[in-house]
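Printed here is data36.cif (mmCIF, C-alpha atoms):
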data_my_file
#
loop_
_atom_site.label_atom_id
_atom_site.label_comp_id
_atom_site.auth_asym_id
_atom_site.auth_seq_id
_atom_site.Cartn_x
_atom_site.Cartn_y
_atom_site.Cartn_z
CA MET A 1 -5.80 -4.74 -14.21
CA LEU A 2 -7.90 -2.91 -16.76
CA PRO A 3 -11.58 -3.37 -17.71
CA HIS A 4 -12.25 -6.18 -20.18
CA VAL A 5 -14.25 -5.53 -23.35
CA ASP A 6 -16.85 -8.09 -22.23
CA ASP A 7 -17.26 -6.75 -18.67
CA ASN A 8 -20.84 -6.31 -17.43
CA LEU A 9 -22.05 -3.22 -15.57
CA ASP A 10 -21.26 -4.62 -12.12
CA SER A 11 -17.67 -5.43 -13.12
CA LEU A 12 -17.21 -2.01 -14.72
CA ASN A 13 -18.59 -0.23 -11.68
CA ALA A 14 -16.34 -2.29 -9.39
CA PHE A 15 -13.25 -1.36 -11.40
CA PHE A 16 -14.04 2.36 -11.63
CA TYR A 17 -14.91 2.37 -7.92
CA THR A 18 -11.27 1.45 -7.17
CA LEU A 19 -10.30 4.66 -8.99
CA GLY A 20 -12.73 6.71 -6.94
CA LEU A 21 -14.97 7.21 -9.98
CA SER A 22 -18.75 6.93 -10.08
CA GLN A 23 -20.93 5.22 -12.68
CA ILE A 24 -21.56 8.65 -14.21
CA ASP A 25 -17.80 9.24 -14.47
CA MET A 26 -17.41 5.83 -16.11
CA ILE A 27 -20.13 6.57 -18.67
CA ALA A 28 -18.62 9.98 -19.43
CA LEU A 29 -15.21 8.43 -20.11
CA SER A 30 -16.84 5.76 -22.30
CA VAL A 31 -18.58 8.46 -24.34
CA LEU A 32 -15.31 10.34 -24.72
CA THR A 33 -13.53 7.23 -25.94
CA LYS A 34 -16.23 6.35 -28.44
CA ALA A 35 -16.40 9.93 -29.70
CA VAL A 36 -12.88 9.78 -31.06
CA GLN A 37 -13.08 6.34 -32.65
CA GLY A 38 -12.89 6.67 -36.39
CA VAL A 39 -11.92 10.33 -36.11
CA ASP A 40 -8.58 12.06 -36.58
CA PRO A 41 -5.93 9.84 -34.92
CA SER A 42 -4.54 12.89 -33.16
CA MET A 43 -7.76 12.94 -31.13
CA HIS A 44 -6.94 9.56 -29.64
CA SER A 45 -4.11 10.99 -27.57
CA MET A 46 -6.42 13.80 -26.43
CA ALA A 47 -8.94 11.25 -25.19
CA LYS A 48 -6.23 9.36 -23.35
CA LEU A 49 -4.98 12.58 -21.80
CA ALA A 50 -8.48 13.57 -20.70
CA ALA A 51 -9.03 10.15 -19.17
CA ALA A 52 -5.69 10.35 -17.38
CA VAL A 53 -6.57 13.75 -15.97
CA VAL A 54 -9.91 12.46 -14.67
CA VAL A 55 -8.19 9.49 -13.02
CA GLN A 56 -5.51 11.68 -11.44
CA VAL A 57 -8.11 14.08 -10.08
CA ALA A 58 -10.04 11.16 -8.62
CA VAL A 59 -6.94 9.49 -7.16
CA ILE A 60 -5.59 12.60 -5.43
CA SER A 61 -8.47 15.02 -5.00
CA PRO A 62 -7.15 18.58 -4.55
CA PHE A 63 -9.91 19.27 -2.05
CA ALA A 64 -9.21 16.16 0.00
CA ALA A 65 -5.43 16.66 -0.13
CA ALA A 66 -5.86 20.27 1.01
CA GLN A 67 -7.46 19.14 4.28
CA LEU A 68 -4.39 17.06 5.19
CA ARG A 69 -1.84 18.66 7.48
CA ALA A 70 0.49 17.47 10.22
CA ASP A 71 -1.18 19.55 12.97
CA TYR A 72 -4.76 18.58 12.09
CA TYR A 73 -5.51 17.28 15.60
CA ALA A 74 -3.39 19.79 17.53
CA GLY A 75 -6.43 21.47 19.04
CA VAL A 76 -8.48 18.37 19.89
CA CYS A 77 -5.91 15.64 20.60
CA PRO A 78 -2.49 17.22 21.22
CA SER A 79 -0.98 13.98 22.57
CA LEU A 80 -2.05 11.89 19.58
CA GLU A 81 1.38 11.09 18.16
CA ALA A 82 2.86 10.28 21.57
CA ILE A 83 -0.06 7.96 22.34
CA VAL A 84 0.27 6.08 19.04
CA ARG A 85 4.06 5.93 19.38
CA SER A 86 3.80 4.29 22.80
CA SER A 87 1.09 1.86 21.70
CA VAL A 88 3.03 0.74 18.62
CA LYS A 89 6.15 0.26 20.72
CA GLN A 90 4.22 -2.12 22.96
CA SER A 91 2.83 -3.99 19.93
CA MET A 92 6.32 -4.43 18.50
CA VAL A 93 7.55 -5.84 21.82
CA LYS A 94 4.70 -8.36 21.76
CA SER A 95 5.37 -9.50 18.18
CA PRO A 96 8.14 -8.98 15.60
CA ILE A 97 5.43 -9.34 12.95
CA SER A 98 3.67 -6.18 14.11
CA ALA A 99 5.80 -3.69 12.16
CA PRO A 100 5.77 -5.36 8.71
CA ALA A 101 2.11 -6.34 9.15
CA THR A 102 1.14 -2.73 9.86
CA LEU A 103 3.14 -1.41 6.91
CA ARG A 104 1.46 -3.94 4.63
CA LEU A 105 -1.93 -2.95 6.02
CA PHE A 106 -1.38 0.71 5.13
CA PHE A 107 -0.38 -0.10 1.55
CA HIS A 108 -3.31 -2.47 1.08
CA ASP A 109 -5.76 0.09 2.46
CA CYS A 110 -4.56 2.96 0.26
CA ALA A 111 -4.12 0.84 -2.87
CA ALA A 112 -7.58 -0.72 -2.75
CA THR A 113 -10.11 2.09 -2.24
CA GLY A 114 -7.96 4.87 -0.86
CA CYS A 115 -6.57 5.61 2.59
CA ASP A 116 -9.89 5.30 4.43
CA ALA A 117 -9.40 2.33 6.79
CA SER A 118 -11.86 0.27 4.75
CA VAL A 119 -9.36 -2.57 5.09
CA MET A 120 -10.33 -2.78 8.78
CA ILE A 121 -14.05 -3.29 8.18
CA ILE A 122 -15.57 -6.68 8.93
CA SER A 123 -18.61 -7.20 6.71
CA SER A 124 -21.56 -9.28 7.94
CA THR A 125 -21.82 -10.75 4.44
CA GLY A 126 -18.14 -11.67 4.26
CA ASP A 127 -17.68 -9.51 1.15
CA ASP A 128 -15.03 -7.20 2.60
CA GLU A 129 -11.47 -6.46 1.50
CA ASN A 130 -10.14 -9.41 3.49
CA ALA A 131 -12.57 -12.02 2.19
CA ASN A 132 -9.89 -13.83 0.20
CA ASP A 133 -6.97 -13.34 2.64
CA TYR A 134 -4.59 -10.97 0.86
CA THR A 135 -1.61 -11.97 3.05
CA LEU A 136 -2.63 -9.51 5.75
CA LYS A 137 -1.58 -10.67 9.21
CA LEU A 138 -3.69 -10.38 12.36
CA GLU A 139 -0.81 -8.61 14.13
CA GLY A 140 -1.27 -5.60 11.85
CA PHE A 141 -4.97 -5.32 12.63
CA GLN A 142 -4.32 -5.75 16.35
CA THR A 143 -1.67 -3.01 16.28
CA ILE A 144 -4.26 -0.59 14.89
CA LEU A 145 -7.03 -1.70 17.26
CA ASP A 146 -4.71 -1.29 20.25
CA ALA A 147 -3.60 2.15 19.09
CA LYS A 148 -7.23 3.19 18.55
CA ALA A 149 -8.12 2.00 22.06
CA ALA A 150 -5.18 3.93 23.51
CA VAL A 151 -6.19 7.11 21.69
CA ASP A 152 -9.83 6.82 22.74
CA SER A 153 -8.80 6.21 26.35
CA ASP A 154 -7.80 9.89 26.45
CA PRO A 155 -11.05 11.83 27.11
CA GLN A 156 -9.74 14.74 25.05
CA CYS A 157 -9.24 12.50 22.01
CA ARG A 158 -12.13 10.05 22.30
CA TYR A 159 -13.93 9.44 18.98
CA LYS A 160 -12.21 12.42 17.36
CA VAL A 161 -9.39 10.64 15.47
CA SER A 162 -10.10 8.56 12.38
CA CYS A 163 -8.95 4.97 12.02
CA ALA A 164 -7.39 5.97 8.68
CA ASP A 165 -5.13 8.48 10.43
CA ILE A 166 -4.25 6.01 13.17
CA ILE A 167 -3.17 3.53 10.46
CA ALA A 168 -0.98 6.21 8.86
CA LEU A 169 0.62 7.15 12.19
CA ALA A 170 1.08 3.54 13.32
CA THR A 171 2.76 2.77 9.99
CA ARG A 172 5.23 5.63 10.42
CA GLU A 173 6.00 4.42 13.94
CA SER A 174 6.44 0.84 12.73
CA VAL A 175 8.97 2.06 10.16
CA SER A 176 10.86 4.51 12.38
CA GLN A 177 10.98 2.19 15.40
CA SER A 178 12.45 -0.48 13.12
CA GLY A 179 15.31 1.89 12.22
CA GLY A 180 13.72 3.65 9.24
CA PRO A 181 12.90 7.31 8.58
CA ASN A 182 10.83 9.28 11.08
CA TYR A 183 8.87 11.22 8.49
CA THR A 184 6.06 13.74 9.00
CA VAL A 185 2.56 12.26 8.61
CA GLU A 186 -0.21 14.34 7.09
CA LEU A 187 -3.51 13.94 8.97
CA GLY A 188 -7.16 14.75 8.41
CA ARG A 189 -8.49 11.64 6.66
CA TYR A 190 -12.02 10.40 7.28
CA ASP A 191 -12.97 6.73 7.41
CA GLY A 192 -14.84 5.04 4.58
CA ARG A 193 -18.20 3.44 5.20
CA LYS A 194 -17.86 0.31 3.09
CA SER A 195 -15.42 -2.43 2.19
CA MET A 196 -15.81 -4.66 -0.86
CA ASP A 197 -13.70 -7.64 -1.87
CA ARG A 198 -14.14 -6.88 -5.57
CA SER A 199 -12.49 -3.49 -5.09
CA VAL A 200 -9.13 -5.11 -4.24
CA ARG A 201 -6.58 -5.04 -7.03
CA LEU A 202 -2.97 -5.43 -5.92
CA PRO A 203 0.35 -6.08 -7.64
CA HIS A 204 1.16 -9.74 -8.32
CA PRO A 205 4.41 -11.18 -6.86
CA GLY A 206 5.40 -12.22 -10.38
CA ASP A 207 4.72 -8.86 -12.07
CA ASN A 208 7.25 -7.42 -14.49
CA LEU A 209 8.31 -3.75 -14.49
CA ASP A 210 5.65 -2.67 -16.97
CA ASN A 211 2.87 -4.21 -14.88
CA LEU A 212 4.23 -2.68 -11.70
CA ASN A 213 4.45 0.76 -13.26
CA ALA A 214 0.94 0.43 -14.70
CA PHE A 215 -0.48 -0.41 -11.27
CA PHE A 216 1.34 2.32 -9.37
CA SER A 217 0.44 4.90 -11.99
CA THR A 218 -3.23 4.34 -11.08
CA LEU A 219 -2.27 5.61 -7.62
CA GLY A 220 -0.57 8.70 -9.05
CA LEU A 221 2.88 7.28 -8.24
CA SER A 222 5.99 7.23 -10.42
CA GLN A 223 8.50 4.46 -11.06
CA THR A 224 10.83 6.04 -8.50
CA ASP A 225 8.01 6.06 -5.95
CA MET A 226 7.31 2.42 -6.70
CA ILE A 227 10.94 1.38 -6.26
CA ALA A 228 11.22 3.35 -3.02
CA LEU A 229 8.02 1.80 -1.64
CA SER A 230 9.25 -1.65 -2.65
CA GLY A 231 12.06 -1.04 -0.17
CA GLY A 232 9.44 -1.69 2.49
CA HIS A 233 10.17 -5.33 1.74
CA THR A 234 13.22 -4.93 3.93
CA LEU A 235 10.73 -5.94 6.65
CA GLY A 236 8.59 -9.05 6.84
CA ALA A 237 8.23 -12.37 5.10
CA ALA A 238 6.33 -14.09 2.30
CA ASP A 239 4.71 -17.51 2.14
CA CYS A 240 6.58 -20.02 0.00
CA GLY A 241 3.65 -20.21 -2.40
CA PHE A 242 4.44 -16.69 -3.62
CA PHE A 243 7.95 -17.55 -4.84
CA LYS A 244 8.21 -21.35 -4.99
CA TYR A 245 7.81 -21.29 -8.78
CA ARG A 246 11.19 -19.50 -8.97
CA ILE A 247 13.29 -22.03 -7.03
CA GLY A 248 14.82 -25.30 -8.17
CA GLY A 249 16.71 -23.62 -11.01
CA ASN A 250 13.56 -22.21 -12.62
CA ASP A 251 14.64 -18.54 -12.46
CA GLN A 252 18.07 -17.67 -13.82
CA SER A 253 17.99 -14.28 -12.12
CA MET A 254 18.12 -15.99 -8.71
CA ASN A 255 21.48 -16.54 -7.06
CA PRO A 256 22.08 -20.35 -7.02
CA SER A 257 23.10 -20.37 -3.35
CA PHE A 258 19.96 -18.40 -2.47
CA ASP A 259 17.94 -20.89 -4.52
CA ALA A 260 19.35 -23.78 -2.51
CA GLN A 261 18.77 -21.90 0.74
CA LEU A 262 15.11 -21.28 -0.11
CA GLN A 263 14.56 -24.92 -1.06
CA GLY A 264 15.79 -25.91 2.38
CA THR A 265 13.74 -23.21 4.09
CA CYS A 266 10.47 -24.16 2.38
CA ALA A 267 11.08 -27.82 3.18
CA LYS A 268 10.99 -26.92 6.89
CA GLN A 269 8.48 -24.04 7.04
CA ASN A 270 6.00 -22.19 4.84
CA PHE A 271 7.67 -18.77 4.71
CA ALA A 272 10.95 -16.97 4.12
CA PHE A 273 12.11 -13.48 5.03
CA LEU A 274 11.95 -10.86 2.29
CA ASP A 275 15.33 -9.59 3.53
CA ASP A 276 17.16 -12.44 5.23
CA VAL A 277 20.10 -10.24 6.25
CA THR A 278 18.23 -7.79 8.52
CA PRO A 279 14.64 -9.14 8.54
CA ILE A 280 13.39 -6.92 11.39
CA GLY A 281 15.46 -3.85 10.59
CA PHE A 282 14.41 -1.10 8.19
CA ASP A 283 17.45 -0.36 6.02
CA ASN A 284 18.67 -0.55 2.42
CA PHE A 285 19.79 -4.19 2.49
CA TYR A 286 16.75 -5.02 0.36
CA TYR A 287 18.44 -3.29 -2.59
CA ARG A 288 21.82 -4.86 -1.87
CA ASN A 289 20.11 -8.24 -1.93
CA LEU A 290 18.68 -7.48 -5.38
CA GLN A 291 22.18 -6.69 -6.64
CA ASN A 292 23.24 -10.16 -5.56
CA GLY A 293 20.26 -12.02 -7.05
CA ARG A 294 18.71 -12.51 -3.62
CA GLY A 295 15.33 -10.87 -4.19
CA LEU A 296 12.65 -13.17 -2.80
CA LEU A 297 9.71 -12.26 -5.05
CA GLY A 298 9.89 -12.08 -8.82
CA SER A 299 8.47 -8.54 -8.64
CA ASP A 300 11.38 -7.62 -6.35
CA GLN A 301 14.20 -9.10 -8.43
CA VAL A 302 12.83 -7.63 -11.67
CA LEU A 303 13.70 -4.18 -10.35
CA TYR A 304 17.35 -5.13 -10.83
CA THR A 305 17.16 -7.42 -13.85
CA ASP A 306 15.32 -4.76 -15.84
CA GLU A 307 17.84 -2.13 -16.94
CA ARG A 308 15.22 0.63 -16.78
CA SER A 309 15.03 0.38 -12.98
CA ARG A 310 18.47 -1.02 -12.13
CA GLY A 311 20.07 2.40 -11.74
CA THR A 312 17.65 3.40 -8.98
CA VAL A 313 18.26 0.10 -7.17
CA ASP A 314 22.02 0.66 -7.36
CA PHE A 315 21.64 4.21 -6.08
CA TYR A 316 19.51 3.19 -3.09
CA ALA A 317 21.89 0.29 -2.34
CA ALA A 318 24.74 2.78 -2.04
CA ASN A 319 22.80 5.66 -0.45
CA GLN A 320 20.55 4.68 2.45
CA GLY A 321 19.85 8.32 3.29
CA THR A 322 18.44 8.99 -0.18
CA PHE A 323 16.33 5.82 0.02
CA PHE A 324 14.91 6.96 3.37
CA SER A 325 14.12 10.41 1.96
CA ASP A 326 12.48 9.03 -1.19
CA PHE A 327 10.56 6.45 0.83
CA ALA A 328 9.15 9.23 3.02
CA VAL A 329 8.10 11.22 -0.06
CA ALA A 330 6.45 8.18 -1.64
CA MET A 331 4.62 7.29 1.59
CA THR A 332 3.31 10.85 1.82
CA LYS A 333 2.02 10.66 -1.75
CA LEU A 334 0.49 7.23 -1.11
CA GLY A 335 -1.21 8.63 1.98
CA ARG A 336 -3.08 11.16 -0.18
CA VAL A 337 -4.72 8.58 -2.43
CA ARG A 338 -8.51 8.90 -2.59
CA VAL A 339 -8.78 10.47 0.86
CA LYS A 340 -12.30 10.74 2.26
CA THR A 341 -13.72 13.98 3.62
CA ALA A 342 -16.59 14.78 6.02
CA ALA A 343 -18.89 14.70 2.99
CA ASP A 344 -18.25 11.04 2.17
CA GLY A 345 -16.68 9.66 5.33
CA GLU A 346 -16.94 9.46 9.10
CA ILE A 347 -14.88 9.04 12.27
CA ARG A 348 -15.44 5.39 13.14
CA ARG A 349 -15.90 4.56 16.82
CA ASP A 350 -14.88 0.96 16.21
CA CYS A 351 -12.44 0.54 13.32
CA ARG A 352 -14.05 -2.80 12.45
CA TYR A 353 -17.56 -1.48 11.80
CA PRO A 354 -19.12 1.63 10.22
CA ASN A 355 -21.00 3.82 12.71
#
Encoded form (structure tokens):
Amino acid sequence: MLPHVDDNLDSLNAFFYTLGLSQIDMIALSVLTKAVQGVDPSMHSMAKLAAAVVVQVAVISPFAAAQLRADYYAGVCPSLEAIVRSSVKQSMVKSPISAPATLRLFFHDCAATGCDASVMIISSTGDDENANDYTLKLEGFQTILDAKAAVDSDPQCRYKVSCADIIALATRESVSQSGGPNYTVELGRYDGRKSMDRSVRLPHPGDNLDNLNAFFSTLGLSQTDMIALSGGHTLGAADCGFFKYRIGGNDQSMNPSFDAQLQGTCAKQNFAFLDDVTPIGFDNFYYRNLQNGRGLLGSDQVLYTDERSRGTVDFYAANQGTFFSDFAVAMTKLGRVRVKTAADGEIRRDCRYPN
């Protein structure tokens, strides 16, 4: 997920855009890297440190993070949280897919170009973040559109709340109303004005621990954050194509009985639950499943097979309260990634189209 030595300017710009960096930033980092080549080796680490600092500043801008606070809309839309809570409840009654689909939507949005609701944009050219179908379900989008409509139906709130903040609130409600933590949501994000397919870089379902850590580090998140966020896989399902390569005795880390179960499942339908014990309940059974070799995706099971992360899995499996607390912390940190401000964003009237 790093630039290739043969990348052209468009590819380089696309990659650095996902980090919130401009072409000028990219050129500056390139100059810094070249400046230390052939010089004292000790300078190499300085260049890496400088680059890391630039990336971290871009990922979680101090200015943007400072504008986020739980009571951001208290003066203009005091009923905001109650409105979103009621709307999400109705969405979850309509479809059991609503909660996991909304949670997935929030992660995709923040991980691609920052928490700016760009994932909602429908481009007339078809070159938006959903052009290649990144497993996002329509129920997630509809949950957000319904919540937006409910918010804007209140004259006091109309066109004053960003789609990005509605996604963040709807995600919290999806988690808490499924039995998970009812954490505080920071608000004050602005909506992005563009959505590009080439900006989407997400973890692969077969990633090992090093690859997972490398990806999450670009979001300013630690290994503990990554393992806690992975617990979101206690909700939802995955298409058989994402794990079929593991079944039939091809992955020794998979419990044989689970292997046989999945073979039967995929023979009848094209999906399986990520947590087949409590598929619509938010709890710590995801981690207990990993202990028993019942992780659906390779990137799930590796959290237990790799000794460097196994201890955290064991701890969350035995301590649901700690998992809930760490999940809330990680979601808060994720919600600060590349937040837009009034200077580079807007409050979209229709979440699907820039104003």
Just how far from atom CA of A:Phe285 is atom CA of A:His108, in Å to one decimal? 23.2 Å
Report as a compact mmCIF listing (two decimals) with C-alpha atoms, in the coordinates of the input the full result of the PyMOL selection byres ((chain A and resi 179) around 8) when it is applied to this structure.
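Once written, expr02.txt looks like this:
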# COMPACT_ATOMS: atom_id res chain seq x y z
CA VAL A 175 8.97 2.06 10.16
CA SER A 176 10.86 4.51 12.38
CA GLN A 177 10.98 2.19 15.40
CA SER A 178 12.45 -0.48 13.12
CA GLY A 180 13.72 3.65 9.24
CA PRO A 181 12.90 7.31 8.58
CA GLY A 281 15.46 -3.85 10.59
CA PHE A 282 14.41 -1.10 8.19
CA ASP A 283 17.45 -0.36 6.02
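Separating atom CA of A:Asn270 from atom CA of A:Ala101 is a distance of 16.9 Å.
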One residue among A:Asn255, A:Ser299, A:Ser174, A:Thr102 is nearest to A:Ile227 when using only C-alpha atoms, and that residue is A:Ser299
Could you give me, as a ChimeraX atom specification, the residues that sit within 7 Å of (8.3, -14.9, 1.4) in the file's coordinates, counting only C-alpha atoms? /A:237-240,242-243,271-274,296
Contacts of A:Thr184 at 10 Å (only C-alpha atoms; same-chain gap of 2+ positions) as a PyMOL selection string: chain A and resi 69-70+169+172+181-182+186-187+328-329+331-332
Neighbours of A:Val84 within 7 Å (all atoms listed in the file; same-chain residues fewer than 2 positions away dropped), as a list in words?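 Contacts, in chain order: Leu80, Glu81, Ala82, Ser86, Ser87, Val88, Ala147, Leu169 and Ala170 of chain A.
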One-decimal distance in Å that lies between atom CA of A:Pro96 and atom CA of A:Gly114: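 Distance reported for this atom pair: 26.9 Å.
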Extract, using only C-alpha atoms, all DNA, RNA and protein residues at most 8 Å from stretch 207-214 of chain A, discarding same-chain residues fewer than 6 positions from it, and format them as a ChimeraX atom specification. /A:222-223,226,298-299,302-303,306
Could you pull out every residue with an atom within 10 Å of (20.2, -13.4, -14.0), file coordinates, counting all atoms listed in the file, and send them as a PyMOL selection string? chain A and resi 251-255+292-293+301-302+304-305
If we count only C-alpha atoms, what is near A:Ala317 at a cut-off of 8 Å, once residues fewer than 5 positions away on the same chain are taken out, given as a PyMOL selection string? chain A and resi 284-288
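When only C-alpha atoms are used to compute distances to A:Glu173, the closest of the residues A:Ser91, A:Ser118, A:Gly192, A:Asp152 turns out to be A:Ser91.
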